[in-house]
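> Take this structure first; my questions come after.
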Amino acid sequence: VQTLTILCTKEVVLSPWCLGELAVARLSNVDVLPLLWPDFGEIEESFVQNVENFVVLEKLTENGLSLEDIRNGLRYLQAPSTGIEMPDVLFEASLAELVKQMKNASFVTLSEADTSPASVKTVRTSKSLIGSRSTDSGSHAILVDLQCQEAIAGGLIL
C-alpha cells in the first residue's frame with residue numbers, strides 16, 4: 001500500500017485495529033491522508049500516554065508492535081498537518097468535491113528515523129481495512145473503524 005486514507009471519526013482512536021494500521025503505516029513509510037469527520041476532536045496527550053488503559057492492545061503487542069509504536073501513530077493524529085475536513089452531510093456535489101480534494105491532496109509520510117527493511121515491523125490487522133485499490137499512481141487503502149456505521153458507509157463510497 002502506498003497511501004492510507006484514515007476516516008477520522010471519534011471512534012477511530014478507540015479501535016485497536018485502526019491504531020495498529022496507523023502504527024504500521026508509520027513504520028512502513030506509507031503516505032497517510034486523514035479525512036476529518038466533524039465529530040473528530042482533539043486527542044489529548046494524556047490519552048496518548050495512557051492509551052493502554054482505554055484500548056485493548058494485546059493482539060497488537062503480541063504481533064510485534066510496541067506501545068511506543070502505537071503512541072507515535074496517535075501523535076500524528078493529534079494535530080494532522082494535512083487532512084481534509086469532511087462536511088456535516090455528504091451530497092453528490094460535496095462527495096465530488098471530496099474526491100477532487102483527495103486527488104489533489106499532499107500526503108504525509110509517517111516515517112521512522114531508521115527505515116531499513118530490518119527495522120520495519122508488519123502486523124496484519126485486517127479488521128479495520130475496508131478495502132484497497134490499485135491505480136497507475138500506486139495502491140491506496142482506506143482505514144475505517146468497522147464498529148462505526150458512518151465510517152463504513154464513507155469507506156465504501158470512497
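Following the order of the C-alpha cells, chains are lettered A, B, ..., residues in each are numbered from 1, and ligands are numbered from 1.
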Which residues are close to Arg75 of chain A, i.e. within 10 Å by only C-alpha atoms, leaving aside same-chain residues fewer than 6 positions away? Reply as a list in words.
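So, after excluding close chain neighbours, the residues are Ile43, Glu44, Glu45, Val48 and Gln49 of chain A.
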> I need the chosen residues saved as a PDB file, in the first residue's frame, with all heavy atoms.

ATOM      1  N   ILE A  43      -7.034  15.029  20.259  1.00  0.00           N
ATOM      2  CA  ILE A  43      -6.533  13.883  21.024  1.00  0.00           C
ATOM      3  C   ILE A  43      -5.567  14.420  22.068  1.00  0.00           C
ATOM      4  O   ILE A  43      -4.526  14.985  21.733  1.00  0.00           O
ATOM      5  CB  ILE A  43      -5.826  12.869  20.105  1.00  0.00           C
ATOM      6  CG1 ILE A  43      -6.800  12.349  19.056  1.00  0.00           C
ATOM      7  CG2 ILE A  43      -5.248  11.718  20.932  1.00  0.00           C
ATOM      8  CD1 ILE A  43      -6.153  11.500  17.992  1.00  0.00           C
ATOM      9  N   GLU A  44      -5.941  14.265  23.313  1.00  0.00           N
ATOM     10  CA  GLU A  44      -5.117  14.777  24.413  1.00  0.00           C
ATOM     11  C   GLU A  44      -3.864  13.922  24.594  1.00  0.00           C
ATOM     12  O   GLU A  44      -3.891  12.710  24.400  1.00  0.00           O
ATOM     13  CB  GLU A  44      -5.921  14.757  25.720  1.00  0.00           C
ATOM     14  CG  GLU A  44      -7.198  15.579  25.693  1.00  0.00           C
ATOM     15  CD  GLU A  44      -6.923  17.066  25.723  1.00  0.00           C
ATOM     16  OE1 GLU A  44      -5.869  17.465  26.243  1.00  0.00           O
ATOM     17  OE2 GLU A  44      -7.776  17.823  25.228  1.00  0.00           O
ATOM     18  N   GLU A  45      -2.767  14.564  24.973  1.00  0.00           N
ATOM     19  CA  GLU A  45      -1.526  13.825  25.228  1.00  0.00           C
ATOM     20  C   GLU A  45      -1.714  12.819  26.365  1.00  0.00           C
ATOM     21  O   GLU A  45      -1.105  11.739  26.346  1.00  0.00           O
ATOM     22  CB  GLU A  45      -0.379  14.790  25.546  1.00  0.00           C
ATOM     23  CG  GLU A  45       0.965  14.126  25.785  1.00  0.00           C
ATOM     24  CD  GLU A  45       1.503  13.324  24.593  1.00  0.00           C
ATOM     25  OE1 GLU A  45       1.140  13.604  23.431  1.00  0.00           O
ATOM     26  OE2 GLU A  45       2.309  12.400  24.830  1.00  0.00           O
ATOM     27  N   VAL A  48      -2.857   9.694  24.798  1.00  0.00           N
ATOM     28  CA  VAL A  48      -1.749   9.031  24.102  1.00  0.00           C
ATOM     29  C   VAL A  48      -0.862   8.295  25.105  1.00  0.00           C
ATOM     30  O   VAL A  48      -0.502   7.129  24.903  1.00  0.00           O
ATOM     31  CB  VAL A  48      -0.923  10.039  23.273  1.00  0.00           C
ATOM     32  CG1 VAL A  48       0.312   9.391  22.685  1.00  0.00           C
ATOM     33  CG2 VAL A  48      -1.780  10.662  22.183  1.00  0.00           C
ATOM     34  N   GLN A  49      -0.507   8.967  26.189  1.00  0.00           N
ATOM     35  CA  GLN A  49       0.382   8.371  27.194  1.00  0.00           C
ATOM     36  C   GLN A  49      -0.251   7.172  27.903  1.00  0.00           C
ATOM     37  O   GLN A  49       0.461   6.298  28.376  1.00  0.00           O
ATOM     38  CB  GLN A  49       0.786   9.420  28.238  1.00  0.00           C
ATOM     39  CG  GLN A  49       1.791  10.409  27.733  1.00  0.00           C
ATOM     40  CD  GLN A  49       3.088   9.738  27.325  1.00  0.00           C
ATOM     41  OE1 GLN A  49       3.616   8.842  27.976  1.00  0.00           O
ATOM     42  NE2 GLN A  49       3.622  10.156  26.180  1.00  0.00           N
TER      43      GLN A  49
END
> Can you tell me how far atom CA of Thr9 of chain A sits from atom CA of Lys100 of chain A, in Å to one decimal?
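Between atom CA of Thr9 of chain A and atom CA of Lys100 of chain A the gap works out to 20.8 Å.
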> Within segment 4-78 of chain A, find each residue whose DSSP state, derived from the backbone, is alpha helix (DSSP H), and express the selection as a VMD selection string.
chain A and resid 16 to 27 45 to 49 58 to 62 67 to 78
> Can you spit out the residues from that selection as a short mmCIF file (atom, residue, chain, number, x, y, z; two decimals), in the first residue's frame, using N, CA and C atoms?

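Everything below was put into selection15.cif:
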data_model
loop_
_atom_site.label_atom_id
_atom_site.label_comp_id
_atom_site.auth_asym_id
_atom_site.auth_seq_id
_atom_site.Cartn_x
_atom_site.Cartn_y
_atom_site.Cartn_z
N PRO A 16 -8.46 -0.90 18.35
CA PRO A 16 -7.08 -1.40 18.32
C PRO A 16 -6.61 -1.68 16.90
N TRP A 17 -7.52 -2.11 16.04
CA TRP A 17 -7.13 -2.44 14.67
C TRP A 17 -6.75 -1.18 13.90
N CYS A 18 -7.48 -0.11 14.09
CA CYS A 18 -7.13 1.15 13.42
C CYS A 18 -5.81 1.69 13.95
N LEU A 19 -5.61 1.60 15.26
CA LEU A 19 -4.33 2.05 15.84
C LEU A 19 -3.17 1.21 15.30
N GLY A 20 -3.41 -0.07 15.12
CA GLY A 20 -2.37 -0.94 14.56
C GLY A 20 -2.04 -0.57 13.13
N GLU A 21 -3.06 -0.32 12.33
CA GLU A 21 -2.83 0.06 10.93
C GLU A 21 -2.07 1.38 10.85
N LEU A 22 -2.42 2.33 11.71
CA LEU A 22 -1.73 3.62 11.72
C LEU A 22 -0.26 3.44 12.12
N ALA A 23 -0.02 2.62 13.15
CA ALA A 23 1.37 2.38 13.58
C ALA A 23 2.17 1.69 12.48
N VAL A 24 1.58 0.71 11.81
CA VAL A 24 2.28 0.01 10.73
C VAL A 24 2.55 0.96 9.57
N ALA A 25 1.59 1.84 9.25
CA ALA A 25 1.82 2.83 8.19
C ALA A 25 3.01 3.71 8.53
N ARG A 26 3.10 4.11 9.77
CA ARG A 26 4.23 4.94 10.20
C ARG A 26 5.54 4.19 10.06
N LEU A 27 5.55 2.95 10.51
CA LEU A 27 6.77 2.15 10.46
C LEU A 27 7.17 1.80 9.03
N GLU A 45 -2.77 14.56 24.97
CA GLU A 45 -1.53 13.83 25.23
C GLU A 45 -1.71 12.82 26.36
N SER A 46 -2.57 13.12 27.32
CA SER A 46 -2.83 12.16 28.41
C SER A 46 -3.45 10.87 27.87
N PHE A 47 -4.28 10.98 26.83
CA PHE A 47 -4.84 9.78 26.19
C PHE A 47 -3.72 8.99 25.52
N VAL A 48 -2.86 9.69 24.80
CA VAL A 48 -1.75 9.03 24.10
C VAL A 48 -0.86 8.29 25.10
N GLN A 49 -0.51 8.97 26.19
CA GLN A 49 0.38 8.37 27.19
C GLN A 49 -0.25 7.17 27.90
N GLU A 58 -3.40 -5.93 23.40
CA GLU A 58 -2.62 -7.16 23.50
C GLU A 58 -2.36 -7.82 22.15
N LYS A 59 -3.37 -7.89 21.26
CA LYS A 59 -3.18 -8.54 19.96
C LYS A 59 -2.12 -7.81 19.14
N LEU A 60 -2.05 -6.49 19.28
CA LEU A 60 -1.06 -5.72 18.53
C LEU A 60 0.34 -5.95 19.09
N THR A 61 0.46 -5.90 20.41
CA THR A 61 1.78 -6.08 21.01
C THR A 61 2.26 -7.53 20.87
N GLU A 62 1.33 -8.48 20.89
CA GLU A 62 1.72 -9.89 20.67
C GLU A 62 2.27 -10.10 19.27
N LEU A 67 4.21 -0.47 22.39
CA LEU A 67 3.33 0.59 22.87
C LEU A 67 3.79 1.94 22.33
N GLU A 68 5.10 2.12 22.20
CA GLU A 68 5.62 3.38 21.65
C GLU A 68 5.28 3.54 20.18
N ASP A 69 5.26 2.43 19.41
CA ASP A 69 4.83 2.49 18.01
C ASP A 69 3.40 3.02 17.93
N ILE A 70 2.54 2.51 18.78
CA ILE A 70 1.13 2.91 18.78
C ILE A 70 0.99 4.37 19.21
N ARG A 71 1.73 4.76 20.23
CA ARG A 71 1.68 6.16 20.69
C ARG A 71 2.16 7.11 19.60
N ASN A 72 3.21 6.74 18.89
CA ASN A 72 3.73 7.61 17.83
C ASN A 72 2.72 7.76 16.69
N GLY A 73 2.00 6.71 16.35
CA GLY A 73 0.93 6.82 15.36
C GLY A 73 -0.15 7.77 15.82
N LEU A 74 -0.54 7.66 17.08
CA LEU A 74 -1.56 8.56 17.64
C LEU A 74 -1.10 10.01 17.65
N ARG A 75 0.15 10.22 17.91
CA ARG A 75 0.67 11.60 17.96
C ARG A 75 0.50 12.30 16.62
N TYR A 76 0.61 11.55 15.55
CA TYR A 76 0.38 12.16 14.25
C TYR A 76 -1.04 12.70 14.15
N LEU A 77 -2.01 11.97 14.70
CA LEU A 77 -3.41 12.40 14.62
C LEU A 77 -3.74 13.51 15.62
N GLN A 78 -2.84 13.80 16.55
CA GLN A 78 -3.10 14.88 17.49
C GLN A 78 -3.26 16.22 16.77
#
> Can you measure atom CA of Gln2 of chain A to atom CA of Leu33 of chain A for me? One decimal in Å is fine.
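Distance between the two atoms: 10.9 Å.
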> Select, from A:Val89, A:Gly64, A:Ser15, A:Gly83, the residue with the minimum atom-to-atom distance to Gln101 of chain A, counting only C-alpha atoms.
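Checking each candidate against Gln101 of chain A, we get A:Gly83 as the closest.
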> Pick the closest to Gly154 of chain A from A:Glu85, A:Leu90, A:Ser66, A:Pro34: which is it, counting only C-alpha atoms?
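Nearest to Gly154 of chain A: A:Leu90.
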